[in-house]
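See below for query.tsv, which holds TSV, C-alpha atoms and all ligand atoms.
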```tsv
chain	number	residue	atom	x	y	z
A	1	MET	CA	55.87	125.98	76.45
A	2	LEU	CA	59.26	127.24	77.71
A	3	ASP	CA	57.49	129.28	80.40
A	4	GLN	CA	55.41	126.27	81.49
A	5	VAL	CA	58.52	124.11	81.78
A	6	ALA	CA	60.28	126.84	83.75
A	7	ALA	CA	57.26	127.08	86.09
A	8	ALA	CA	57.30	123.31	86.67
A	9	LEU	CA	61.03	123.43	87.41
A	10	LYS	CA	60.71	126.42	89.76
A	11	GLY	CA	58.39	124.42	91.97
A	12	ALA	CA	60.56	121.30	91.87
A	13	ARG	CA	62.90	119.98	94.59
A	14	ARG	CA	63.87	116.70	92.98
A	15	VAL	CA	64.88	116.84	89.35
A	16	VAL	CA	66.24	114.06	87.16
A	17	ALA	CA	67.77	114.70	83.74
A	18	LEU	CA	68.07	111.69	81.46
A	19	THR	CA	70.33	112.25	78.47
A	20	GLY	CA	71.14	110.40	75.27
A	21	ALA	CA	73.40	110.83	72.28
A	22	GLY	CA	71.47	113.90	71.04
A	23	ILE	CA	72.92	116.12	73.76
A	24	SER	CA	76.43	115.48	72.41
A	25	ALA	CA	75.42	115.91	68.75
A	26	GLU	CA	76.20	119.64	68.87
A	27	SER	CA	79.67	118.73	70.17
A	28	GLY	CA	80.21	116.75	66.96
A	29	VAL	CA	79.72	113.27	68.45
A	30	PRO	CA	77.58	111.09	66.15
A	31	THR	CA	74.26	109.76	67.45
A	32	PHE	CA	73.24	106.10	66.96
A	33	ARG	CA	69.93	106.37	65.16
A	34	GLY	CA	68.52	108.81	62.64
A	35	ALA	CA	70.37	110.72	59.92
A	36	GLY	CA	74.15	110.28	60.24
A	37	GLY	CA	73.65	107.81	63.12
A	38	LEU	CA	76.26	105.12	63.77
A	39	TRP	CA	73.73	102.28	63.39
A	40	ARG	CA	73.01	103.51	59.84
A	41	ARG	CA	76.62	102.73	58.87
A	42	PHE	CA	77.58	99.91	61.22
A	43	ARG	CA	75.78	96.81	62.48
A	44	ALA	CA	75.36	96.78	66.27
A	45	GLU	CA	75.50	92.97	66.17
A	46	ASP	CA	79.06	93.14	64.74
A	47	LEU	CA	80.39	95.72	67.18
A	48	ALA	CA	78.36	96.21	70.34
A	49	THR	CA	77.55	92.74	71.67
A	50	PRO	CA	79.58	90.29	73.78
A	51	GLU	CA	79.32	87.81	70.90
A	52	ALA	CA	80.95	90.31	68.52
A	53	PHE	CA	83.85	90.78	70.95
A	54	ALA	CA	84.30	87.02	71.37
A	55	ARG	CA	84.31	86.59	67.58
A	56	ASP	CA	86.58	89.46	66.59
A	57	PRO	CA	88.03	91.50	69.49
A	58	ALA	CA	90.44	93.38	67.17
A	59	LEU	CA	87.54	94.70	65.06
A	60	VAL	CA	85.64	95.81	68.16
A	61	TRP	CA	88.73	97.53	69.63
A	62	GLU	CA	89.37	99.22	66.29
A	63	TRP	CA	85.83	100.59	66.18
A	64	TYR	CA	86.02	101.89	69.75
A	65	GLY	CA	89.44	103.40	69.02
A	66	TRP	CA	87.89	105.27	66.08
A	67	ARG	CA	85.02	106.42	68.31
A	68	ARG	CA	87.47	107.63	70.98
A	69	SER	CA	89.45	109.56	68.37
A	70	GLN	CA	86.26	111.42	67.40
A	71	ILE	CA	85.30	112.16	71.00
A	72	ALA	CA	88.84	113.25	71.97
A	73	THR	CA	88.48	116.45	69.95
A	74	ALA	CA	84.90	117.18	71.13
A	75	LEU	CA	84.13	119.77	73.79
A	76	PRO	CA	81.11	119.97	76.11
A	77	ASN	CA	78.45	122.25	74.62
A	78	ALA	CA	75.96	124.70	76.13
A	79	GLY	CA	73.51	121.86	76.94
A	80	HIS	CA	76.09	119.92	78.98
A	81	LEU	CA	77.06	123.11	80.81
A	82	VAL	CA	73.46	123.97	81.78
A	83	LEU	CA	72.99	120.48	83.25
A	84	ALA	CA	76.22	120.87	85.25
A	85	ARG	CA	74.87	124.14	86.69
A	86	PHE	CA	71.51	122.49	87.52
A	87	GLU	CA	73.33	120.61	90.32
A	88	SER	CA	73.53	123.83	92.32
A	89	ARG	CA	70.14	125.12	91.13
A	90	PHE	CA	68.00	122.28	92.56
A	91	PRO	CA	68.15	120.83	96.09
A	92	ASP	CA	68.21	117.29	94.69
A	93	PHE	CA	69.43	116.83	91.13
A	94	LEU	CA	70.63	113.65	89.44
A	95	LEU	CA	71.89	113.34	85.89
A	96	LEU	CA	71.39	109.92	84.30
A	97	THR	CA	73.20	109.52	81.02
A	98	GLN	CA	73.28	106.76	78.46
A	99	ASN	CA	76.31	108.42	76.88
A	100	VAL	CA	79.75	106.88	77.15
A	101	ASP	CA	81.63	109.96	75.87
A	102	GLY	CA	82.48	111.49	79.27
A	103	LEU	CA	81.37	114.98	78.16
A	104	HIS	CA	79.03	115.50	81.13
A	105	ARG	CA	81.91	114.93	83.56
A	106	ARG	CA	84.13	117.25	81.52
A	107	ALA	CA	81.37	119.88	81.72
A	108	GLY	CA	81.53	119.64	85.53
A	109	SER	CA	78.64	117.29	86.37
A	110	ARG	CA	79.35	115.18	89.45
A	111	SER	CA	75.86	114.05	90.49
A	112	LEU	CA	75.99	111.71	87.55
A	113	VAL	CA	75.33	108.08	86.69
A	114	GLU	CA	76.83	106.81	83.43
A	115	LEU	CA	74.38	103.97	82.86
A	116	HIS	CA	76.04	102.56	79.74
A	117	GLY	CA	79.62	102.95	80.99
A	118	ASN	CA	82.47	105.10	79.74
A	119	ILE	CA	84.45	104.70	76.54
A	120	TRP	CA	87.63	106.00	78.22
A	121	ARG	CA	87.75	103.07	80.64
A	122	ALA	CA	88.54	99.42	79.96
A	123	ARG	CA	87.81	96.37	82.04
A	124	CYS	CA	88.98	92.78	82.22
A	125	SER	CA	86.92	90.50	79.99
A	126	ALA	CA	87.30	87.69	82.55
A	127	GLU	CA	86.72	89.64	85.79
A	128	PRO	CA	84.44	92.68	85.29
A	129	SER	CA	85.35	94.25	88.64
A	130	ARG	CA	88.90	94.93	87.34
A	131	VAL	CA	88.41	98.36	85.76
A	132	PHE	CA	91.22	100.49	84.31
A	133	ASP	CA	91.15	104.18	83.52
A	134	GLN	CA	92.72	105.62	80.40
A	135	THR	CA	96.17	106.05	81.94
A	136	ALA	CA	96.40	102.35	82.80
A	137	TRP	CA	96.09	100.80	79.36
A	138	SER	CA	96.89	101.49	75.75
A	139	GLY	CA	96.34	99.82	72.41
A	140	GLY	CA	93.23	99.06	70.47
A	141	GLU	CA	93.70	102.23	68.44
A	142	PRO	CA	92.83	102.11	64.73
A	143	LEU	CA	96.49	102.32	63.71
A	144	ALA	CA	97.59	99.71	66.23
A	145	ALA	CA	94.96	97.34	64.86
A	146	ALA	CA	96.11	97.96	61.29
A	147	THR	CA	99.73	97.20	62.19
A	148	GLY	CA	98.82	94.08	64.14
A	149	GLU	CA	99.90	95.57	67.49
A	150	PRO	CA	98.71	93.35	70.37
A	151	LEU	CA	95.38	94.14	71.99
A	152	PRO	CA	95.38	95.53	75.54
A	153	ARG	CA	95.40	92.89	78.27
A	154	CYS	CA	94.65	92.76	81.97
A	155	PRO	CA	97.60	91.88	84.26
A	156	CYS	CA	95.82	88.50	84.71
A	157	GLY	CA	96.38	87.82	80.99
A	158	ALA	CA	92.78	88.07	79.80
A	159	LEU	CA	91.87	90.61	77.12
A	160	LEU	CA	90.68	94.01	78.26
A	161	ARG	CA	87.44	95.27	76.71
A	162	PRO	CA	85.80	98.70	76.57
A	163	ASP	CA	83.95	99.40	79.86
A	164	VAL	CA	80.61	100.00	78.15
A	165	VAL	CA	77.29	98.13	78.21
A	166	TRP	CA	76.61	96.13	75.08
A	167	PHE	CA	73.27	94.75	73.88
A	168	GLY	CA	72.27	91.70	75.88
A	169	GLU	CA	74.39	92.77	78.89
A	170	SER	CA	73.01	93.91	82.20
A	171	LEU	CA	73.58	97.43	83.42
A	172	ASN	CA	75.39	97.82	86.75
A	173	PRO	CA	72.72	96.85	89.34
A	174	ASP	CA	73.81	99.58	91.81
A	175	ASP	CA	73.50	102.21	89.07
A	176	VAL	CA	70.07	100.92	88.07
A	177	ALA	CA	68.91	100.91	91.71
A	178	ARG	CA	70.11	104.50	92.24
A	179	ALA	CA	68.54	105.63	88.96
A	180	THR	CA	65.23	103.88	89.64
A	181	ARG	CA	64.95	105.40	93.11
A	182	ALA	CA	65.60	108.91	91.75
A	183	VAL	CA	63.17	108.42	88.86
A	184	ARG	CA	60.40	107.21	91.18
A	185	GLU	CA	60.93	110.11	93.60
A	186	CYS	CA	61.48	113.05	91.25
A	187	ASP	CA	59.14	115.99	90.68
A	188	VAL	CA	60.33	116.62	87.12
A	189	LEU	CA	62.15	114.36	84.67
A	190	LEU	CA	63.85	115.97	81.69
A	191	ALA	CA	64.46	113.49	78.83
A	192	ILE	CA	67.03	115.12	76.56
A	193	GLY	CA	68.34	113.93	73.19
A	194	THR	CA	67.35	110.30	73.48
A	195	SER	CA	65.34	108.20	71.04
A	196	ALA	CA	63.90	106.44	74.12
A	197	SER	CA	64.25	103.12	72.34
A	198	VAL	CA	66.81	101.18	74.40
A	199	TYR	CA	65.74	99.40	77.58
A	200	PRO	CA	65.80	99.47	80.52
A	201	VAL	CA	66.50	103.24	80.33
A	202	ALA	CA	63.63	103.84	77.87
A	203	ALA	CA	61.20	102.82	80.62
A	204	PHE	CA	62.34	105.57	83.04
A	205	PRO	CA	60.13	108.44	81.75
A	206	ALA	CA	56.95	106.33	82.03
A	207	MET	CA	58.06	105.14	85.48
A	208	ALA	CA	58.51	108.77	86.60
A	209	ARG	CA	55.14	109.76	85.21
A	210	ARG	CA	53.35	106.87	86.93
A	211	ALA	CA	54.91	108.04	90.20
A	212	GLY	CA	53.51	111.55	89.68
A	213	ALA	CA	56.40	113.44	88.06
A	214	ARG	CA	56.08	115.80	85.17
A	215	VAL	CA	58.01	114.64	82.10
A	216	VAL	CA	59.64	117.09	79.72
A	217	GLU	CA	61.08	115.96	76.40
A	218	VAL	CA	63.83	117.98	74.70
A	219	ASN	CA	64.52	116.65	71.23
A	220	VAL	CA	64.80	117.78	67.63
A	221	GLU	CA	62.38	115.03	66.54
A	222	ALA	CA	59.36	113.10	67.81
A	223	THR	CA	60.16	109.85	69.65
A	224	PRO	CA	58.08	107.06	71.23
A	225	LEU	CA	58.19	109.17	74.39
A	226	THR	CA	56.58	112.25	72.81
A	227	PRO	CA	52.92	111.20	73.30
A	228	GLN	CA	53.55	110.47	76.99
A	229	ALA	CA	55.42	113.71	77.77
A	230	ASP	CA	53.69	116.52	79.64
A	231	PHE	CA	55.79	119.11	77.81
A	232	VAL	CA	57.71	118.82	74.55
A	233	LEU	CA	60.46	121.31	73.72
A	234	ARG	CA	61.28	120.77	70.07
A	235	GLY	CA	64.80	121.95	69.21
A	236	PRO	CA	68.50	121.33	69.80
A	237	ALA	CA	69.44	120.81	73.44
A	238	GLY	CA	72.27	123.36	73.17
A	239	THR	CA	69.68	126.07	72.46
A	240	VAL	CA	66.66	124.82	74.40
A	241	LEU	CA	68.39	124.18	77.75
A	242	PRO	CA	69.96	127.67	77.98
A	243	ALA	CA	66.52	129.11	77.12
A	244	VAL	CA	64.95	127.13	79.99
A	245	GLU	CA	67.72	128.17	82.38
A	246	ALA	CA	67.27	131.83	81.44
A	247	ARG	CA	63.64	131.62	82.64
A	248	LEU	CA	64.40	130.10	86.05
B	1	LIG	C1	68.87	115.72	69.51
B	1	LIG	C2	69.86	116.49	68.95
B	1	LIG	C3	70.08	117.72	69.54
B	1	LIG	C4	69.82	114.72	67.81
B	1	LIG	N1	69.34	118.07	70.61
B	1	LIG	N2	68.15	116.08	70.55
B	1	LIG	C5	62.69	95.36	76.83
B	1	LIG	C6	62.01	95.41	75.63
B	1	LIG	C7	62.67	95.19	74.43
B	1	LIG	C8	64.02	94.92	74.39
B	1	LIG	C9	64.71	94.89	75.57
B	1	LIG	C10	64.05	95.09	76.77
B	1	LIG	N3	64.97	95.00	77.76
B	1	LIG	C11	66.19	94.76	77.21
B	1	LIG	C12	66.05	94.67	75.88
B	1	LIG	C13	67.16	94.43	74.91
B	1	LIG	C14	68.00	95.67	74.63
B	1	LIG	C15	67.11	96.74	74.00
B	1	LIG	O1	66.68	97.68	74.61
B	1	LIG	N4	66.89	96.66	72.70
B	1	LIG	C16	66.10	97.67	72.00
B	1	LIG	C17	66.89	98.15	70.78
B	1	LIG	C18	64.74	97.12	71.69
B	1	LIG	N5	68.61	96.19	75.83
B	1	LIG	C19	69.72	95.67	76.33
B	1	LIG	O2	70.27	94.72	75.80
B	1	LIG	C20	70.30	96.32	77.57
B	1	LIG	N6	70.56	95.30	78.54
B	1	LIG	C21	69.62	94.77	79.32
B	1	LIG	O3	68.49	95.22	79.38
B	1	LIG	O4	70.05	93.69	80.07
B	1	LIG	C22	69.06	92.79	80.57
B	1	LIG	C23	68.45	92.05	79.38
B	1	LIG	C24	69.25	91.57	78.36
B	1	LIG	C25	68.68	90.91	77.27
B	1	LIG	C26	67.29	90.78	77.17
B	1	LIG	C27	66.48	91.28	78.19
B	1	LIG	C28	67.07	91.93	79.31
B	1	LIG	C29	71.65	96.98	77.25
B	1	LIG	C30	71.53	98.09	76.29
B	1	LIG	C31	72.93	98.63	75.96
B	1	LIG	C32	72.89	99.71	74.90
B	1	LIG	N7	74.21	99.96	74.45
B	1	LIG	C33	74.45	101.06	73.53
B	1	LIG	C34	75.94	101.03	73.14
B	1	LIG	C35	76.80	101.54	74.32
B	1	LIG	C36	78.25	101.48	74.05
B	1	LIG	C37	78.66	102.35	72.88
B	1	LIG	O5	78.45	103.58	72.88
B	1	LIG	O6	79.20	101.79	71.95
B	1	LIG	O7	74.09	102.30	74.15
B	1	LIG	S1	73.40	101.01	72.07
B	1	LIG	C38	73.17	102.76	71.97
B	1	LIG	O8	71.78	103.08	72.20
B	1	LIG	C39	73.96	103.35	73.15
B	1	LIG	C40	73.03	104.42	73.63
B	1	LIG	O9	73.34	104.77	74.97
B	1	LIG	C41	71.67	103.78	73.45
B	1	LIG	C42	70.52	104.77	73.41
B	1	LIG	O10	70.63	105.62	72.31
B	1	LIG	P1	70.30	107.17	72.47
B	1	LIG	O11	71.24	107.77	73.42
B	1	LIG	O12	68.87	107.35	72.73
B	1	LIG	O13	70.73	107.74	71.02
B	1	LIG	P2	69.93	107.67	69.65
B	1	LIG	O14	70.91	107.88	68.57
B	1	LIG	O15	69.05	106.50	69.56
B	1	LIG	O16	68.95	108.95	69.73
B	1	LIG	C43	69.46	110.27	69.68
B	1	LIG	C44	68.28	111.20	69.84
B	1	LIG	O17	68.79	112.53	69.91
B	1	LIG	C45	67.29	111.16	68.66
B	1	LIG	O18	65.96	111.07	69.18
B	1	LIG	C46	67.50	112.51	67.96
B	1	LIG	O19	66.30	113.05	67.40
B	1	LIG	C47	67.98	113.36	69.10
B	1	LIG	N8	68.84	114.49	68.76
B	1	LIG	N9	70.39	115.77	67.86
B	1	LIG	C48	68.38	117.19	71.07
B	1	LIG	N10	70.99	118.55	69.03
```

Hey, can you dump this file as structure tokens for me?
Amino acid sequence: MLDQVAAALKGARRVVALTGAGISAESGVPTFRGAGGLWRRFRAEDLATPEAFARDPALVWEWYGWRRSQIATALPNAGHLVLARFESRFPDFLLLTQNVDGLHRRAGSRSLVELHGNIWRARCSAEPSRVFDQTAWSGGEPLAAATGEPLPRCPCGALLRPDVVWFGESLNPDDVARATRAVRECDVLLAIGTSASVYPVAAFPAMARRAGARVVEVNVEATPLTPQADFVLRGPAGTVLPAVEARL
């Protein structure tokens, strides 16, 4: 199967990689679903919806502060690094990630769309276009929450919130338009480490396939995407992607 995937990639001009939490698992970042997944221990409704933030912003900030503290010590792994190198390997390569951890950027990827935002940024809860990078705000850390330290605020006075996409919220329309165009035009779509269960991103592999692309799944387990994939590479992304690259 590795040789067949390599052959498909060798003939490809336009390649899209779509990643999910599984690609960062080998960096020590927890996934959402499955064994050890965040949604096994926490309720998404309490932490990752606009209603949860309106109800208890301190709890939501505390949870994201805890998540950031886990990601801060993580390093990009071999899978992230292969995808960064794919930018110079293919004439037209776009990386679409659902991950908010920033590890693809740290690995060197620049042709990148972070569809669900980035945990290291914050934005104004009243005016979403006011976005702040990590150097421009502080607070919301687990310890700050425990000591009652005030939550981070926008200069306009409204609360800041993590710049991520919660359930029930729309993804950035420009990002979705760019992603959809690339998915419809690609020769090969690699779906890596995603449970393919959260929309609209979960619809991308089928959209690519309908438009004539070959779809490759890289995952340690079967997902709803598995029956629709042309090729399935069963194993950890940090091992499988270097093995694919070695055959190109
Ligand atoms: C490995 C590995 C290794 C492990 N190597 N693999 C159409 C139908 C039905 C519902 C909807 C629909 N359209 C919209 C909805 C509602 C909702 C939705 O999809 N719900 C589903 C649960 C059914 N979608 C939305 O609300 C989205 N908004 C939207 O569509 O707006 C318009 C609209 C609104 C309302 C109604 C209708 C339309 C927004 C979704 C936002 C998702 N946000 C989160 C949190 C982000 C912030 C944060 O991080 O806190 O995004 S939820 C979470 O899931 C996170 C992820 O990006 C996302 C996807 O998860 P992912 O990445 O696939 O991770 P896992 O854990 O699920 O899977 C990991 C995989 O890796 C597994 O398969 C493992 O086997 C594998 N793995 N180790 C390779 N080493």

In terms of all atoms listed in the file, the residue from A:Ala208, A:Ala48, A:Leu160, A:Leu2 at minimal distance from ligand LIG 1 (chain B) is A:Ala48

Using all atoms listed in the file, which protein or nucleic acid residues are at most 7 Å from ligand LIG 1 (chain B), as a ChimeraX atom specification? /A:19-23,25-26,31-34,37,48,98-100,116,164-171,192-200,218-223,235-238

Discussion item. For a test of reading the model, state the distance in Å between atom CA of Val29 of chain A and atom CA of Ala72 of chain A, rounded to one decimal.
Written reply: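 Computed distance, atom CA of Val29 of chain A to atom CA of Ala72 of chain A, equals 9.8 Å.
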
Among A:Asp101, A:Asp187, A:Asp175, A:Glu245, Arg68 of chain A is approached most closely, using all atoms listed in the file, by A:Asp101

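Atom CA of His104 of chain A lies 14.3 Å from atom CA of Gly28 of chain A.
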
List every protein, DNA or RNA residue with an atom no more than 9 Å from (62.5, 113.1, 92.9) in the file's coordinates, counting all atoms listed in the file, and format the result as number ranges by chain. A: 12-16, 92-94, 181-189, 208, 213

Can I get the selection written as an mmCIF file, in the coordinates of the input, with C-alpha atoms?
```
data_model
loop_
_atom_site.group_PDB
_atom_site.id
_atom_site.type_symbol
_atom_site.label_atom_id
_atom_site.label_comp_id
_atom_site.auth_asym_id
_atom_site.auth_seq_id
_atom_site.Cartn_x
_atom_site.Cartn_y
_atom_site.Cartn_z
ATOM 1 C CA ALA A 12 60.560 121.300 91.870
ATOM 2 C CA ARG A 13 62.900 119.980 94.590
ATOM 3 C CA ARG A 14 63.870 116.700 92.980
ATOM 4 C CA VAL A 15 64.880 116.840 89.350
ATOM 5 C CA VAL A 16 66.240 114.060 87.160
ATOM 6 C CA ASP A 92 68.210 117.290 94.690
ATOM 7 C CA PHE A 93 69.430 116.830 91.130
ATOM 8 C CA LEU A 94 70.630 113.650 89.440
ATOM 9 C CA ARG A 181 64.950 105.400 93.110
ATOM 10 C CA ALA A 182 65.600 108.910 91.750
ATOM 11 C CA VAL A 183 63.170 108.420 88.860
ATOM 12 C CA ARG A 184 60.400 107.210 91.180
ATOM 13 C CA GLU A 185 60.930 110.110 93.600
ATOM 14 C CA CYS A 186 61.480 113.050 91.250
ATOM 15 C CA ASP A 187 59.140 115.990 90.680
ATOM 16 C CA VAL A 188 60.330 116.620 87.120
ATOM 17 C CA LEU A 189 62.150 114.360 84.670
ATOM 18 C CA ALA A 208 58.510 108.770 86.600
ATOM 19 C CA ALA A 213 56.400 113.440 88.060
#
```

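With atom CA of Val82 of chain A on one side and atom CA of Ala243 of chain A on the other, the separation reads 9.8 Å.
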
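Among A:Lys10, A:Glu62, A:His80, A:Gly36, the residue with the shortest atom-to-atom distance to Val240 of chain A, counting only C-alpha atoms, is A:His80.
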
Kindly indicate which residue among A:Pro242, A:Ala84, A:Ala17, A:Asp230 lies nearest to Val5 of chain A, using only C-alpha atoms for the distances.
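With only C-alpha atoms as the atom set, the closest residue is A:Asp230.
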
### Message
I'd like to know which of A:Val201, A:Leu248, A:Ala179, A:Ala54 is closest to Phe90 of chain A, using only C-alpha atoms.
### Response
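Result for the nearest residue to Phe90 of chain A: A:Leu248.
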